[in-house]
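Undergrad: I have a structure here, written as structure tokens, and I will follow up with some questions on it.
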Amino acid sequence: MADPDRVEREEPAGSSSRAFRQAPGRRWFRAGAVSVLLAAATLFRLDGVALNYPYLTYIDEGYVVRHAMNMFRDSTLDPHWYQYYPGLMNLINAPIWACHRSMHTLDEFRETVTVYPDTEYFTQKYGHDPASVEPYYSVVEPPIFLLVGRILVALFSAASVWVVYRAFRVEHSWGWAFTGTLFFAFLPALVVHSHSVNNDIPMVFFFAAMLWAFLRWRVKGAPRYLVLAGLACGASAAFKFTGLLALGFPLLGVAAAALPWKKKVAGGIALCAAAVPGFLVLSPNFLANPPGFFAGTLELLHIYKHVMPTEKVASLAVQGDNAGWPFLLLAGTGYILGMAIRPRLFVPLTVWTVFMLWFYLRFKYQPIRNLYPLAPFLAFAALTGLSEVARLLRTRVPRGRCGIWGVRAVAAGTAALILWNAWAAHAAWMAVEDSRVLVVQWLGAHAREGSVVVVSRDMGFAPAALREASLKNGLVFRTPESFLDAREELEGADYAVIPVNPLRESNIQATYPEDQVKALDARLHQQGFRRLVSVGTLPHALLVAYAFRHPLAPLDVYGRCRVESEVLEGAGPTLAAPGTPSVR
């Protein structure tokens, strides 16, 4: 299919010039550069998959992994919870099942899997019930499900870098395609969220695949590429049903193409029809419980309608700071230039992008993370802006070739800023120490053997972790459901561990409201407890806003006896009074 608004590039992406074919060294250099980029992006994503293992550190990990475990244990396709769709759950189960099946230990392994009750969190929360979701920040038993899920997400993220590069090569020369891929590969938000089990990162891969297939269709005109684009959109919907919105861009693109209307209708039908098997291949669970699937979708939309505009503004500001405002400005420039120079491609893309922004920014619940699948398109627009400015300088401006070096300098500066922010965000993620682990270490270093420690279950201290700590340190743990009801459990206890509340205005609710923490503090003092130390670290601002809640924030350790000033490295200051006895 001829594209009437296609502009010839420096080096046509679909073919090779004679000079290039005669330059094997140049070809090897380019292959090597792309390989290094892919290797760096992959290592960046795999470094961190074991952070705080075996504890869950991100809210989606519990929602995905626990239901995947339930499906595995019960040998069912029905996860009994459809607010997060089962595509990733199935992919987690598959390698674990195949591995144990090959060793003839499947039945024995299945008996070791803990089954977790279905969460009533959303129903309770939006019914104004102060129930906690802390069990979703505990551990899973066996934790291999968590590790497999994190590795799968990291590999999806790394594979998306390759797909993005192939998509950019359809429309751009090697140099600009490589630059745009570098922008995408190290966007800080994508790097950080590639370390945890979440649905948005696999969706990025399939959005990128849809972009590649659609661009190939524009160049080749072969209907099979529309089918591939539809399959990618359907597969995206298997991770979140809103992934089906990806169909909007290729449908608009087909409608804007210079084709007879019959071919446009046929192309639209092919896109929509292909989305169905694309969805079912990764989410056959839909067939197990269609009513539950639709009920979960409606409930999810109900949750998303809780709008808090101030949080959305803060969210956008944080994302802009970490992605790099020059990158976002380049993307906006690319959309504008693209609509002027390539209207048949960029008008549909711009309309669709604006719709996606409008759709998600109406909602409170995690609006920014839902926009991560747009990252390939923002990078595509950014490199289009750079390449089009360079082309205009070269062809329309006398002595404009000198200005091309300025464009290249802007590209290099933007890439450097993104790389720096990515490194900083990754370092902040890796520096986060789980306060539950730190508390157990602190108690092991300071508490006497046989000391009784009270830790409520709604703080996410898992029974397996407590049993291990008890055997190692000779401590005895009591785990009431909540400190708000803990009375008898405090009798005879030597230590009590409660959460600090630093996230007062966040959309991520603290375990206990501040007034309840103060009342609990007063009650502990009446029973002879004194605050000994605050243990734990607060993560980077971006991570506070979008990844963590208690008990990753500091935990207060109370005791009926006092300690000296030595504390675990990295912990908060001790509040021990002079002359009090030391606990060894």
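Identifiers for the structure tokens are assigned positionally: chains receive A, B, ... in sequence, residues are indexed from 1 per chain, and ligands are indexed from 1 in the order shown.
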Using only C-alpha atoms, which residues sit within 9 Å of segment 111-117 of chain A once same-chain residues fewer than 2 positions away are excluded, as number ranges by chain?
TA: A: 66-67, 69-74, 106-109, 119, 140-142
Undergrad: Next, dump the selected residues to file, keeping only C-alpha atoms, as a PDB file, in the first residue's frame.
TA:
```
ATOM      1  CA  ARG A  66      -2.099 -15.139  45.322  1.00  0.00           C
ATOM      2  CA  HIS A  67      -4.825 -15.829  42.797  1.00  0.00           C
ATOM      3  CA  MET A  69      -1.488 -19.837  43.462  1.00  0.00           C
ATOM      4  CA  ASN A  70      -5.143 -20.535  44.145  1.00  0.00           C
ATOM      5  CA  MET A  71      -5.687 -21.529  40.516  1.00  0.00           C
ATOM      6  CA  PHE A  72      -2.611 -23.754  40.592  1.00  0.00           C
ATOM      7  CA  ARG A  73      -3.575 -25.522  43.820  1.00  0.00           C
ATOM      8  CA  ASP A  74      -7.207 -26.107  42.839  1.00  0.00           C
ATOM      9  CA  LEU A 106       3.384 -32.052  40.614  1.00  0.00           C
ATOM     10  CA  ASP A 107       0.948 -33.520  43.146  1.00  0.00           C
ATOM     11  CA  GLU A 108       3.432 -33.272  46.018  1.00  0.00           C
ATOM     12  CA  PHE A 109       4.285 -29.691  45.132  1.00  0.00           C
ATOM     13  CA  THR A 119     -10.039 -10.520  49.155  1.00  0.00           C
ATOM     14  CA  VAL A 140       3.573 -16.313  49.607  1.00  0.00           C
ATOM     15  CA  GLU A 141       4.244 -19.934  50.391  1.00  0.00           C
ATOM     16  CA  PRO A 142       6.113 -21.274  48.468  1.00  0.00           C
TER      17      PRO A 142
END
```
Undergrad: Taking only C-alpha atoms into account, produce a table as JSON lines in which each residue of segment 160-216 of chain A with an atom at most 12 Å from an atom of segment 269-273 of chain A appears once, together with its shortest atom pair and the distance in Å to one decimal, ordered by chain and rising number.
TA:
```
{"residue": "A:Met210", "atom": "CA", "partner": "A:Leu271", "partner_atom": "CA", "distance": 10.5}
{"residue": "A:Ala213", "atom": "CA", "partner": "A:Leu271", "partner_atom": "CA", "distance": 11.1}
{"residue": "A:Phe214", "atom": "CA", "partner": "A:Leu271", "partner_atom": "CA", "distance": 10.2}
```
Undergrad: As a PyMOL selection string, list the residues of segment 441-482 of chain A assigned to strand (DSSP E or B) by DSSP on the backbone atoms of this structure.
TA: chain A and resi 452-455+476-478
Undergrad: Using only C-alpha atoms, pick whichever of A:His193, A:Leu282, A:Phe178, A:Pro554 has the shortest atom-to-atom distance to Glu433 of chain A.
TA: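 Ranked by minimum distance to Glu433 of chain A, first place goes to A:Pro554.
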Undergrad: Could you please determine the separation between atom CA of Glu171 of chain A and atom CA of Arg342 of chain A in Å, to one decimal place?
TA: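 Between atom CA of Glu171 of chain A and atom CA of Arg342 of chain A the gap is 11.2 Å.
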Undergrad: Under the rule that only C-alpha atoms are counted, which of A:Ala274, A:Phe206, A:Thr179, A:Asn199 is the nearest residue to Arg369 of chain A?
TA: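 Under the stated criterion, the closest residue is A:Asn199.
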Undergrad: What is the distance, in Å and to one decimal place, between atom CA of Thr42 of chain A and atom CA of Val161 of chain A?
TA: 8.9 Å
Undergrad: From a DSSP calculation on the backbone, collect every residue of segment 351-473 of chain A in helix (DSSP H, G or I) and output the set as a PyMOL selection string.
TA: chain A and resi 351-361+369-396+401-431+435-446+457-459+463-473
Undergrad: Counting only C-alpha atoms, which residue out of A:Trp429, A:Phe355, A:Trp97, A:Phe477 sits closest to Leu51 of chain A?
TA: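 Of A:Trp429, A:Phe355, A:Trp97, A:Phe477, the one nearest Leu51 of chain A, counting only C-alpha atoms, is A:Trp429.
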Undergrad: May I ask for the distance between atom CA of Asn289 of chain A and atom CA of Pro79 of chain A, given in Å to one decimal place?
TA: 9.1 Å
Undergrad: Have a look at A:Pro480, A:Gly149, A:Gly296, A:Gly221 and name the one nearest to Pro202 of chain A; count only C-alpha atoms.
TA: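 Answer, going by the shortest atom-to-atom distance: A:Gly149.
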